[in-house]
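**Q** This is start.pdb (PDB, C-alpha atoms).
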ATOM      1  CA  MET A 174       0.000   0.000   0.000
ATOM      2  CA  ASN A 175       1.361   3.425  -0.935
ATOM      3  CA  CYS A 176       0.484   6.825   0.567
ATOM      4  CA  THR A 177      -2.224   7.636  -2.005
ATOM      5  CA  GLU A 178      -3.945   4.304  -1.409
ATOM      6  CA  PHE A 179      -3.642   4.843   2.327
ATOM      7  CA  LEU A 180      -5.259   8.286   2.120
ATOM      8  CA  SER A 181      -8.193   6.860   0.178
ATOM      9  CA  LYS A 182      -8.891   4.591   3.160
ATOM     10  CA  LEU A 183      -8.416   7.272   5.801
ATOM     11  CA  THR A 184     -12.098   8.111   6.360
ATOM     12  CA  ASP A 185     -13.052   4.468   6.796
ATOM     13  CA  TYR A 186     -10.034   3.978   9.068
ATOM     14  CA  PHE A 187     -11.080   6.836  11.362
ATOM     15  CA  ASP A 188     -14.671   5.670  11.397
ATOM     16  CA  GLY A 189     -13.737   2.070  12.225
ATOM     17  CA  GLN A 190     -15.387   0.896   9.035
ATOM     18  CA  ILE A 191     -12.377  -0.340   7.188
ATOM     19  CA  ASP A 192     -12.587  -3.697   5.512
ATOM     20  CA  PRO A 193     -10.863  -6.164   7.865
ATOM     21  CA  SER A 194      -8.892  -7.578   4.972
ATOM     22  CA  LEU A 195      -7.342  -4.125   4.416
ATOM     23  CA  LEU A 196      -6.725  -3.250   8.043
ATOM     24  CA  ALA A 197      -3.457  -5.189   8.248
ATOM     25  CA  GLU A 198      -2.187  -3.416   5.118
ATOM     26  CA  VAL A 199      -3.164  -0.018   6.529
ATOM     27  CA  LYS A 200      -1.416  -0.704   9.821
ATOM     28  CA  ALA A 201       1.650  -2.015   8.022
ATOM     29  CA  HIS A 202       1.836   1.192   5.965
ATOM     30  CA  LEU A 203       1.438   3.324   9.087
ATOM     31  CA  GLY A 204       4.283   1.429  10.717
ATOM     32  CA  THR A 205       6.677   2.348   7.947
ATOM     33  CA  CYS A 206       5.541   5.798   6.767
ATOM     34  CA  HIS A 207       6.198   8.628   9.186
ATOM     35  CA  HIS A 208       4.399  11.193   7.005
ATOM     36  CA  CYS A 209       1.168   9.193   7.029
ATOM     37  CA  GLU A 210       1.539   8.580  10.759
ATOM     38  CA  VAL A 211       1.735  12.360  11.289
ATOM     39  CA  VAL A 212      -1.278  12.904   9.028
ATOM     40  CA  VAL A 213      -3.307  10.374  11.040
ATOM     41  CA  ASP A 214      -2.276  11.840  14.409
ATOM     42  CA  THR A 215      -2.889  15.449  13.444
ATOM     43  CA  THR A 216      -6.146  14.751  11.592
ATOM     44  CA  ARG A 217      -7.459  12.876  14.620
ATOM     45  CA  LYS A 218      -6.435  15.837  16.776
ATOM     46  CA  THR A 219      -8.201  18.190  14.357
ATOM     47  CA  ILE A 220     -11.446  16.290  14.833
ATOM     48  CA  ASP A 221     -10.971  16.095  18.605
ATOM     49  CA  VAL A 222     -10.295  19.787  19.026
ATOM     50  CA  TYR A 223     -13.394  20.754  17.039
ATOM     51  CA  ARG A 224     -15.509  18.330  19.031
ATOM     52  CA  GLY A 225     -14.092  19.420  22.356
ATOM     53  CA  ALA A 226     -14.119  23.180  21.966
ATOM     54  CA  ALA A 227     -17.133  25.393  21.434
ATOM     55  CA  ALA A 228     -16.246  27.501  18.425
ATOM     56  CA  TYR A 229     -19.531  29.334  18.870
ATOM     57  CA  GLU A 230     -21.239  30.312  22.082
ATOM     58  CA  PHE A 231     -24.945  29.746  22.551
ATOM     59  CA  PRO A 232     -25.809  31.706  25.693
ATOM     60  CA  GLN A 233     -28.934  30.855  27.645
ATOM     61  CA  GLU A 234     -30.358  34.316  27.016
ATOM     62  CA  LEU A 235     -30.195  33.700  23.262
ATOM     63  CA  ALA A 236     -31.734  30.239  23.626
ATOM     64  CA  ASP A 237     -34.602  31.659  25.676
ATOM     65  CA  ARG A 238     -35.204  34.487  23.227
ATOM     66  CA  LEU A 239     -35.208  32.262  20.149
ATOM     67  CA  ARG A 240     -37.457  29.685  21.784
ATOM     68  CA  ALA A 241     -39.948  32.347  22.883
ATOM     69  CA  ALA A 242     -40.055  33.732  19.341
ATOM     70  CA  VAL A 243     -40.599  30.251  17.873
ATOM     71  CA  MET A 244     -43.403  29.441  20.285
ATOM     72  CA  GLU A 245     -45.091  32.780  19.624
ATOM     73  CA  ARG A 246     -45.067  32.126  15.870
ATOM     74  CA  CYS A 247     -46.401  28.621  16.398
ATOM     75  CA  ARG A 248     -49.215  29.763  18.682
ATOM     76  CA  ALA A 249     -50.173  32.466  16.181
ATOM     77  CA  THR A 250     -51.165  29.709  13.769
ATOM     78  CA  GLY A 251     -53.918  28.655  16.165
ATOM     79  CA  LYS A 252     -52.746  25.049  16.105
ATOM     80  CA  LEU A 253     -51.434  25.081  19.682
ATOM     81  CA  PRO A 254     -54.429  25.651  21.929
ATOM     82  CA  ASP A 255     -52.467  24.565  24.980
ATOM     83  CA  ILE A 256     -50.746  27.726  26.265
ATOM     84  CA  LYS A 257     -48.590  26.240  28.975
ATOM     85  CA  THR A 258     -44.929  27.136  28.701
ATOM     86  CA  LYS A 259     -41.710  25.862  30.166
TER
ATOM     87  CA  MET B 275     -48.153   5.859   8.403
ATOM     88  CA  ALA B 276     -45.016   4.390   9.927
ATOM     89  CA  LEU B 277     -45.074   6.187  13.253
ATOM     90  CA  GLN B 278     -43.007   3.694  15.131
ATOM     91  CA  THR B 279     -39.291   3.464  15.034
ATOM     92  CA  THR B 280     -36.906   0.957  16.390
ATOM     93  CA  THR B 281     -33.799   1.419  18.484
ATOM     94  CA  VAL B 282     -32.249  -1.875  17.494
ATOM     95  CA  ALA B 283     -30.512  -3.327  14.457
ATOM     96  CA  LYS B 284     -29.595   0.094  13.063
ATOM     97  CA  ASP B 285     -26.173  -1.068  12.101
ATOM     98  CA  PRO B 286     -26.286  -3.480   9.181
ATOM     99  CA  GLN B 287     -22.808  -4.676  10.116
ATOM    100  CA  HIS B 288     -24.122  -5.866  13.468
ATOM    101  CA  PRO B 289     -27.436  -7.601  12.803
ATOM    102  CA  ILE B 290     -29.378  -9.080  15.651
ATOM    103  CA  ASP B 291     -28.444 -12.637  16.419
ATOM    104  CA  PRO B 292     -31.747 -14.555  16.598
ATOM    105  CA  ALA B 293     -30.037 -17.102  18.807
ATOM    106  CA  ALA B 294     -29.167 -14.458  21.369
ATOM    107  CA  GLY B 295     -32.672 -14.207  22.777
ATOM    108  CA  ALA B 296     -36.135 -12.892  22.152
ATOM    109  CA  VAL B 297     -36.693 -10.638  19.152
ATOM    110  CA  PRO B 298     -36.735  -7.057  20.488
ATOM    111  CA  GLN B 299     -40.007  -5.212  20.123
ATOM    112  CA  PRO B 300     -40.044  -1.906  18.281
ATOM    113  CA  GLU B 301     -39.921   1.062  20.622
ATOM    114  CA  VAL B 302     -41.500   4.443  20.114
ATOM    115  CA  SER B 303     -38.682   6.958  20.483
ATOM    116  CA  PRO B 304     -39.134   9.738  23.066
ATOM    117  CA  ASP B 305     -38.946  12.302  20.270
ATOM    118  CA  LEU B 306     -41.728  10.613  18.352
ATOM    119  CA  MET B 307     -43.888  10.656  21.466
ATOM    120  CA  LEU B 308     -43.300  14.410  21.756
ATOM    121  CA  VAL B 309     -44.081  14.879  18.066
ATOM    122  CA  LYS B 310     -47.383  13.045  18.481
ATOM    123  CA  GLN B 311     -48.251  15.163  21.523
ATOM    124  CA  ALA B 312     -47.331  18.351  19.666
ATOM    125  CA  ARG B 313     -49.502  17.314  16.733
ATOM    126  CA  ALA B 314     -52.357  17.011  19.205
ATOM    127  CA  GLY B 315     -51.782  20.637  20.246
ATOM    128  CA  ASP B 316     -49.528  20.246  23.277
ATOM    129  CA  SER B 317     -47.296  23.302  23.174
ATOM    130  CA  GLY B 318     -45.192  21.989  26.055
ATOM    131  CA  ALA B 319     -44.251  18.940  23.977
ATOM    132  CA  PHE B 320     -43.188  21.060  21.028
ATOM    133  CA  GLU B 321     -41.289  23.439  23.286
ATOM    134  CA  GLN B 322     -39.436  20.454  24.701
ATOM    135  CA  LEU B 323     -38.342  19.480  21.189
ATOM    136  CA  VAL B 324     -37.163  23.037  20.558
ATOM    137  CA  MET B 325     -35.172  23.023  23.798
ATOM    138  CA  GLN B 326     -33.529  19.723  22.922
ATOM    139  CA  TYR B 327     -32.320  20.735  19.488
ATOM    140  CA  GLU B 328     -32.060  24.556  19.371
ATOM    141  CA  ARG B 329     -28.350  24.500  20.201
ATOM    142  CA  GLN B 330     -27.586  21.938  17.491
ATOM    143  CA  ILE B 331     -29.643  23.783  14.884
ATOM    144  CA  PHE B 332     -28.142  27.174  15.755
ATOM    145  CA  ARG B 333     -24.605  25.785  15.645
ATOM    146  CA  THR B 334     -25.214  24.011  12.339
ATOM    147  CA  ALA B 335     -26.665  27.161  10.765
ATOM    148  CA  LEU B 336     -23.814  29.301  12.088
ATOM    149  CA  HIS B 337     -21.146  26.923  10.845
ATOM    150  CA  ILE B 338     -22.655  26.932   7.362
ATOM    151  CA  THR B 339     -23.570  30.617   7.032
ATOM    152  CA  GLN B 340     -20.775  32.068   9.202
ATOM    153  CA  ASN B 341     -23.223  34.807  10.153
ATOM    154  CA  ARG B 342     -24.765  35.068  13.612
ATOM    155  CA  GLU B 343     -27.867  37.028  12.600
ATOM    156  CA  ASP B 344     -28.608  34.573   9.819
ATOM    157  CA  ALA B 345     -28.164  31.670  12.228
ATOM    158  CA  GLU B 346     -30.655  33.217  14.669
ATOM    159  CA  ASP B 347     -33.232  33.744  11.909
ATOM    160  CA  ILE B 348     -32.635  30.256  10.532
ATOM    161  CA  THR B 349     -33.078  28.652  13.940
ATOM    162  CA  GLN B 350     -36.471  30.292  14.287
ATOM    163  CA  ASP B 351     -37.469  29.411  10.732
ATOM    164  CA  VAL B 352     -36.382  25.781  11.099
ATOM    165  CA  PHE B 353     -38.544  25.144  14.139
ATOM    166  CA  PHE B 354     -41.498  27.058  12.695
ATOM    167  CA  LYS B 355     -41.292  25.083   9.443
ATOM    168  CA  ALA B 356     -40.938  21.860  11.399
ATOM    169  CA  PHE B 357     -44.048  22.773  13.367
ATOM    170  CA  GLN B 358     -45.979  23.464  10.180
ATOM    171  CA  LYS B 359     -44.839  20.150   8.687
ATOM    172  CA  LEU B 360     -45.130  17.959  11.770
ATOM    173  CA  ASN B 361     -47.732  15.822  10.015
ATOM    174  CA  GLN B 362     -45.168  15.032   7.315
ATOM    175  CA  PHE B 363     -42.657  13.619   9.776
ATOM    176  CA  GLN B 364     -42.999   9.887   9.351
ATOM    177  CA  GLY B 365     -40.558   8.722  11.984
ATOM    178  CA  ASN B 366     -38.457   6.915   9.396
ATOM    179  CA  SER B 367     -35.423   8.963  10.411
ATOM    180  CA  LYS B 368     -34.444  10.611  13.672
ATOM    181  CA  PHE B 369     -36.333  13.823  14.401
ATOM    182  CA  SER B 370     -32.972  15.579  14.822
ATOM    183  CA  THR B 371     -31.837  14.458  11.353
ATOM    184  CA  TRP B 372     -35.095  15.767   9.906
ATOM    185  CA  LEU B 373     -34.498  19.127  11.602
ATOM    186  CA  VAL B 374     -30.883  19.256  10.457
ATOM    187  CA  ARG B 375     -31.966  18.687   6.878
ATOM    188  CA  ILE B 376     -34.319  21.665   7.092
ATOM    189  CA  ALA B 377     -31.531  23.715   8.708
ATOM    190  CA  VAL B 378     -29.048  22.870   5.950
ATOM    191  CA  ASN B 379     -31.531  23.828   3.227
ATOM    192  CA  GLU B 380     -32.366  27.107   4.965
ATOM    193  CA  SER B 381     -28.687  27.885   5.528
ATOM    194  CA  LEU B 382     -27.702  27.260   1.921
ATOM    195  CA  MET B 383     -30.621  29.412   0.802
ATOM    196  CA  ARG B 384     -29.348  32.235   3.008
ATOM    197  CA  LEU B 385     -25.873  31.916   1.522
ATOM    198  CA  ARG B 386     -27.387  32.105  -1.933
ATOM    199  CA  LYS B 387     -29.295  35.268  -1.048
ATOM    200  CA  ARG B 388     -26.232  36.867   0.474
ATOM    201  CA  ARG B 389     -24.160  36.117  -2.589
ATOM    202  CA  SER B 390     -27.093  37.168  -4.809
ATOM    203  CA  SER B 391     -26.205  36.002  -8.299
ATOM    204  CA  LYS B 392     -23.801  33.260  -7.247
ATOM    205  CA  THR B 393     -25.191  29.794  -6.854
ATOM    206  CA  VAL B 394     -24.370  28.125  -3.569
ATOM    207  CA  SER B 395     -24.994  24.460  -3.164
ATOM    208  CA  ILE B 396     -23.646  21.499  -1.329
ATOM    209  CA  ASP B 397     -21.696  20.681  -4.486
ATOM    210  CA  GLN B 398     -19.990  24.029  -4.762
ATOM    211  CA  ASP B 399     -16.209  24.069  -4.850
ATOM    212  CA  VAL B 400     -15.886  20.347  -4.273
ATOM    213  CA  GLU B 401     -15.004  19.242  -7.789
ATOM    214  CA  THR B 402     -11.308  20.027  -7.551
ATOM    215  CA  ASP B 403      -8.714  17.998  -5.734
ATOM    216  CA  GLY B 404      -7.305  21.138  -4.141
ATOM    217  CA  GLY B 405      -6.331  20.643  -0.531
ATOM    218  CA  SER B 406      -6.793  16.908  -0.571
ATOM    219  CA  ILE B 407      -3.091  16.116  -0.687
ATOM    220  CA  PRO B 408      -1.255  16.637   2.609
ATOM    221  CA  ARG B 409       1.725  18.949   2.346
ATOM    222  CA  ASP B 410       2.463  19.710   5.974
ATOM    223  CA  PHE B 411       4.051  16.840   7.844
ATOM    224  CA  ALA B 412       5.088  18.701  10.961
ATOM    225  CA  GLU B 413       4.227  17.034  14.245
ATOM    226  CA  TRP B 414       2.039  18.977  16.645
ATOM    227  CA  ARG B 415       2.764  19.876  20.228
ATOM    228  CA  PRO B 416       1.134  17.675  22.849
ATOM    229  CA  ASN B 417      -2.315  19.122  23.710
ATOM    230  CA  PRO B 418      -1.624  22.140  21.497
ATOM    231  CA  GLU B 419      -4.990  23.730  22.250
ATOM    232  CA  GLN B 420      -3.842  24.307  25.830
ATOM    233  CA  ASN B 421      -1.449  26.973  24.575
ATOM    234  CA  TYR B 422      -4.402  29.227  23.843
ATOM    235  CA  SER B 423      -7.141  30.749  25.951
ATOM    236  CA  GLN B 424     -10.660  29.508  25.333
ATOM    237  CA  ALA B 425     -11.477  32.689  23.400
ATOM    238  CA  GLN B 426      -8.291  32.482  21.317
ATOM    239  CA  LEU B 427      -8.926  28.841  20.482
ATOM    240  CA  ALA B 428     -12.532  29.540  19.499
ATOM    241  CA  GLU B 429     -11.320  32.322  17.195
ATOM    242  CA  ILE B 430      -8.755  30.012  15.587
ATOM    243  CA  LEU B 431     -11.370  27.305  15.018
ATOM    244  CA  ARG B 432     -13.889  29.774  13.580
ATOM    245  CA  ARG B 433     -11.340  31.362  11.263
ATOM    246  CA  THR B 434     -10.075  27.972  10.126
ATOM    247  CA  ILE B 435     -13.428  26.398   9.314
ATOM    248  CA  ALA B 436     -14.659  29.617   7.685
ATOM    249  CA  GLY B 437     -11.998  29.116   5.010
ATOM    250  CA  LEU B 438     -13.496  25.843   3.827
ATOM    251  CA  PRO B 439     -15.881  25.757   0.859
ATOM    252  CA  PRO B 440     -19.521  25.471   2.042
ATOM    253  CA  GLY B 441     -19.810  21.906   0.765
ATOM    254  CA  PHE B 442     -16.881  20.727   2.872
ATOM    255  CA  ARG B 443     -17.810  22.865   5.858
ATOM    256  CA  THR B 444     -21.324  21.455   5.954
ATOM    257  CA  VAL B 445     -20.243  17.827   5.811
ATOM    258  CA  PHE B 446     -17.573  18.334   8.483
ATOM    259  CA  THR B 447     -20.056  20.149  10.720
ATOM    260  CA  LEU B 448     -22.682  17.430  10.546
ATOM    261  CA  ARG B 449     -20.340  14.471  10.691
ATOM    262  CA  ASP B 450     -17.583  15.550  13.046
ATOM    263  CA  ILE B 451     -19.075  18.325  15.164
ATOM    264  CA  GLU B 452     -22.706  17.258  15.429
ATOM    265  CA  ASN B 453     -21.796  13.567  15.403
ATOM    266  CA  LEU B 454     -24.271  12.459  12.761
ATOM    267  CA  SER B 455     -23.376   9.124  11.200
ATOM    268  CA  THR B 456     -22.163   9.024   7.613
ATOM    269  CA  GLU B 457     -25.556   7.658   6.559
ATOM    270  CA  GLU B 458     -27.452  10.346   8.501
ATOM    271  CA  THR B 459     -25.235  13.042   6.996
ATOM    272  CA  ALA B 460     -25.871  11.655   3.515
ATOM    273  CA  ALA B 461     -29.629  11.613   4.157
ATOM    274  CA  ALA B 462     -29.630  15.134   5.593
ATOM    275  CA  LEU B 463     -27.727  16.520   2.613
ATOM    276  CA  GLY B 464     -29.232  14.424  -0.150
ATOM    277  CA  LEU B 465     -25.789  13.044  -1.000
ATOM    278  CA  SER B 466     -24.548   9.503  -1.524
ATOM    279  CA  VAL B 467     -22.482   7.855   1.215
ATOM    280  CA  PRO B 468     -19.332   7.823  -1.000
ATOM    281  CA  ALA B 469     -19.832  11.536  -1.714
ATOM    282  CA  VAL B 470     -20.042  12.276   2.011
ATOM    283  CA  LYS B 471     -16.892  10.252   2.674
ATOM    284  CA  SER B 472     -15.002  12.029  -0.086
ATOM    285  CA  ARG B 473     -16.005  15.501   1.121
ATOM    286  CA  LEU B 474     -15.309  14.561   4.727
ATOM    287  CA  LEU B 475     -11.799  13.393   3.897
ATOM    288  CA  ARG B 476     -10.979  16.607   2.095
ATOM    289  CA  ALA B 477     -12.553  18.756   4.792
ATOM    290  CA  ARG B 478     -10.593  17.014   7.520
ATOM    291  CA  LEU B 479      -7.312  17.249   5.604
ATOM    292  CA  GLN B 480      -7.790  20.916   4.753
ATOM    293  CA  LEU B 481      -8.618  21.795   8.353
ATOM    294  CA  ARG B 482      -5.619  19.809   9.557
ATOM    295  CA  GLU B 483      -3.365  21.677   7.163
ATOM    296  CA  ARG B 484      -4.727  25.060   8.308
ATOM    297  CA  LEU B 485      -4.591  24.246  12.028
ATOM    298  CA  SER B 486      -1.034  23.033  11.707
ATOM    299  CA  ARG B 487       0.264  26.593  11.512
ATOM    300  CA  TYR B 488      -1.048  27.153  15.058
ATOM    301  CA  PHE B 489      -0.413  23.753  16.601
ATOM    302  CA  ARG B 490       2.857  22.547  15.072
ATOM    303  CA  ARG B 491       5.770  21.776  17.313
ATOM    304  CA  ASN B 492       8.222  24.644  17.463
ATOM    305  CA  GLU B 493      11.483  22.851  16.792
ATOM    306  CA  ALA B 494      13.603  25.824  17.818
ATOM    307  CA  SER B 495      12.227  25.939  21.339
ATOM    308  CA  GLU B 496      12.028  22.202  22.087
TER
END
How would this structure read if it were set down as structure tokens?

**A**
Amino acid sequence: MNCTEFLSKLTDYFDGQIDPSLLAEVKAHLGTCHHCEVVVDTTRKTIDVYRGAAAYEFPQELADRLRAAVMERCRATGKLPDIKTK
Amino acid sequence: MALQTTTVAKDPQHPIDPAAGAVPQPEVSPDLMLVKQARAGDSGAFEQLVMQYERQIFRTALHITQNREDAEDITQDVFFKAFQKLNQFQGNSKFSTWLVRIAVNESLMRLRKRRSSKTVSIDQDVETDGGSIPRDFAEWRPNPEQNYSQAQLAEILRRTIAGLPPGFRTVFTLRDIENLSTEETAAALGLSVPAVKSRLLRARLQLRERLSRYFRRNEASE
């Protein structure tokens, strides 16, 4: 397996969906190619950092305001006779 | 109408073993219960659904549009449209996936309006191979994000993802930030599974390349 072939399997490798028959080849390539090892490590870190950090805040005040506006629009349709709110 | 959904045997690679025990009965998901109550006019049930998913919808819209005002408007529009179309929700997919699909469509429409004559779609800018070949092979510092304050890191992440084409940004957002499965992402975007995988690979590699300038190990100081 060369680097191009390895890259084509990268998404399946990260997602644990790689064909078992190819897994040994992928691991063998990783064991011998430092560049691909770095790409795997840093791509995994890329995903982790986006999952772990809030790039955008969603303050409670905004949540409350948006939800109130949504519920007001919904009630205005007359399809929500029940007026209880959270 | 297929109102019931099942919480088992979702993964075709792990089918239920009939020898393992009794065949599980289909379960009505909590979301579907709330949808049914909302259809019957229970505003509390619908409000509960809004509370559960408003953060996800706002974040998805903001990642795609990169505009906070648009994301606020879209979040409202998504839940209002969902309310108007509650009878069309069949329960064949997760309620959240159904909402995300509406959010993606609304977000791309906003981008189109903002760019007026330019067409913006999930396919935009994804035909080329640009950015899909790694060029930076520098190792990163251990826990590199800890070298930045929370605000600095958020700014870096926003600036980095904003540079991706909308088609890549959307797939990365749904798959890697909102944790939708590849199949759910494909369904939400109207793309094939291979198309999602291809865009996801390129999005991940381009983000990695861009983040590397902030996170790479500084050889001179170590």

**Q** Could you tell me which residues the ChimeraX specification (/A :<9) & /B grabs in this file, written as a ChimeraX atom specification?

**A** /B:312-318,320-322,324-325,328-329,332-333,336-337,346-347,349-351,353-354,357-358,407-408,410-414,417,419,424-425,427-432,450-453,471-472,474-475,478-479,481-483,485-486

**Q** Could you check how far atom CA of B:Arg484 sits from atom CA of A:Gly189, in Å to one decimal?

**A**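 Computing the Euclidean distance for atom CA of B:Arg484 and atom CA of A:Gly189 yields 25.0 Å.
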
**Q** Can you work out which one of B:Pro304, B:Gly365, B:Pro439, B:Pro468 has the shortest atom-to-atom distance to B:Leu385, counting only C-alpha atoms?

**A**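 For B:Leu385, the nearest of the candidates is B:Pro439.
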
**Q** Could you jot down the atom CA of B:Met307 to atom CA of B:Leu448 separation for me, Å, one decimal place?

**A**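 Going from atom CA of B:Met307 over to atom CA of B:Leu448, I get 24.8 Å.
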
**Q** Given the PyMOL selection byres ((chain B and resi 491) around 7) and the file above, list the residues it selects as a ChimeraX atom specification.

**A** /B:413-415,489-490,492-493

**Q** One decimal, Å: what's the distance from atom CA of B:Ser370 over to atom CA of B:Gln311, could you say?

**A**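 Those two atoms sit 16.7 Å apart.
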
**Q** Taking all atoms of stretch 220-233 of chain A that the file lists and extending 8 Å past them on each side, where is the centre of the axis-aligned box and how long are its edges? Answer in Å to one decimal, as JSON.

**A**
{"center_x": -19.6, "center_y": 23.9, "center_z": 21.2, "size_x": 34.6, "size_y": 31.6, "size_z": 28.8}

**Q** Can you pull out the residues contacting B:Ser381? Cut-off 7 Å, using only C-alpha atoms, and skip same-chain residues under 6 positions away; I want them as a CSV table (one decimal) with C-alpha atoms, in the coordinates of the input.

**A**
chain,number,residue,atom,x,y,z
B,335,ALA,CA,-26.7,27.2,10.8
B,338,ILE,CA,-22.7,26.9,7.4
B,339,THR,CA,-23.6,30.6,7.0
B,348,ILE,CA,-32.6,30.3,10.5

**Q** For the provided coordinates, the residues matched by the PyMOL selection byres ((chain A and resi 196) around 12) should be stated as a PyMOL selection string.

**A** chain A and resi 174+179+182-183+185-187+189-195+197-203

**Q** Find, counting only C-alpha atoms, the residue in B:Ser303, B:Gln420, B:Asn361, B:Gln480 that gets nearest to B:Thr434.

**A**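 So, comparing all the options, the nearest one is B:Gln480.
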
**Q** Could you tell me which of B:Arg443, B:Arg487, B:Arg409, B:Arg384 comes closest to B:Arg342 if we count only C-alpha atoms?

**A**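 Under the stated criterion, the closest residue is B:Arg384.
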
**Q** Using C-alpha atoms, give me stretch 465-484 of chain B from the structure I just pasted, as an mmCIF file, in the first residue's frame.

**A**
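What ended up in result16.cif:
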data_model
loop_
_atom_site.group_PDB
_atom_site.id
_atom_site.type_symbol
_atom_site.label_atom_id
_atom_site.label_comp_id
_atom_site.auth_asym_id
_atom_site.auth_seq_id
_atom_site.Cartn_x
_atom_site.Cartn_y
_atom_site.Cartn_z
ATOM 1 C CA LEU B 465 -25.789 13.044 -1.000
ATOM 2 C CA SER B 466 -24.548 9.503 -1.524
ATOM 3 C CA VAL B 467 -22.482 7.855 1.215
ATOM 4 C CA PRO B 468 -19.332 7.823 -1.000
ATOM 5 C CA ALA B 469 -19.832 11.536 -1.714
ATOM 6 C CA VAL B 470 -20.042 12.276 2.011
ATOM 7 C CA LYS B 471 -16.892 10.252 2.674
ATOM 8 C CA SER B 472 -15.002 12.029 -0.086
ATOM 9 C CA ARG B 473 -16.005 15.501 1.121
ATOM 10 C CA LEU B 474 -15.309 14.561 4.727
ATOM 11 C CA LEU B 475 -11.799 13.393 3.897
ATOM 12 C CA ARG B 476 -10.979 16.607 2.095
ATOM 13 C CA ALA B 477 -12.553 18.756 4.792
ATOM 14 C CA ARG B 478 -10.593 17.014 7.520
ATOM 15 C CA LEU B 479 -7.312 17.249 5.604
ATOM 16 C CA GLN B 480 -7.790 20.916 4.753
ATOM 17 C CA LEU B 481 -8.618 21.795 8.353
ATOM 18 C CA ARG B 482 -5.619 19.809 9.557
ATOM 19 C CA GLU B 483 -3.365 21.677 7.163
ATOM 20 C CA ARG B 484 -4.727 25.060 8.308
#
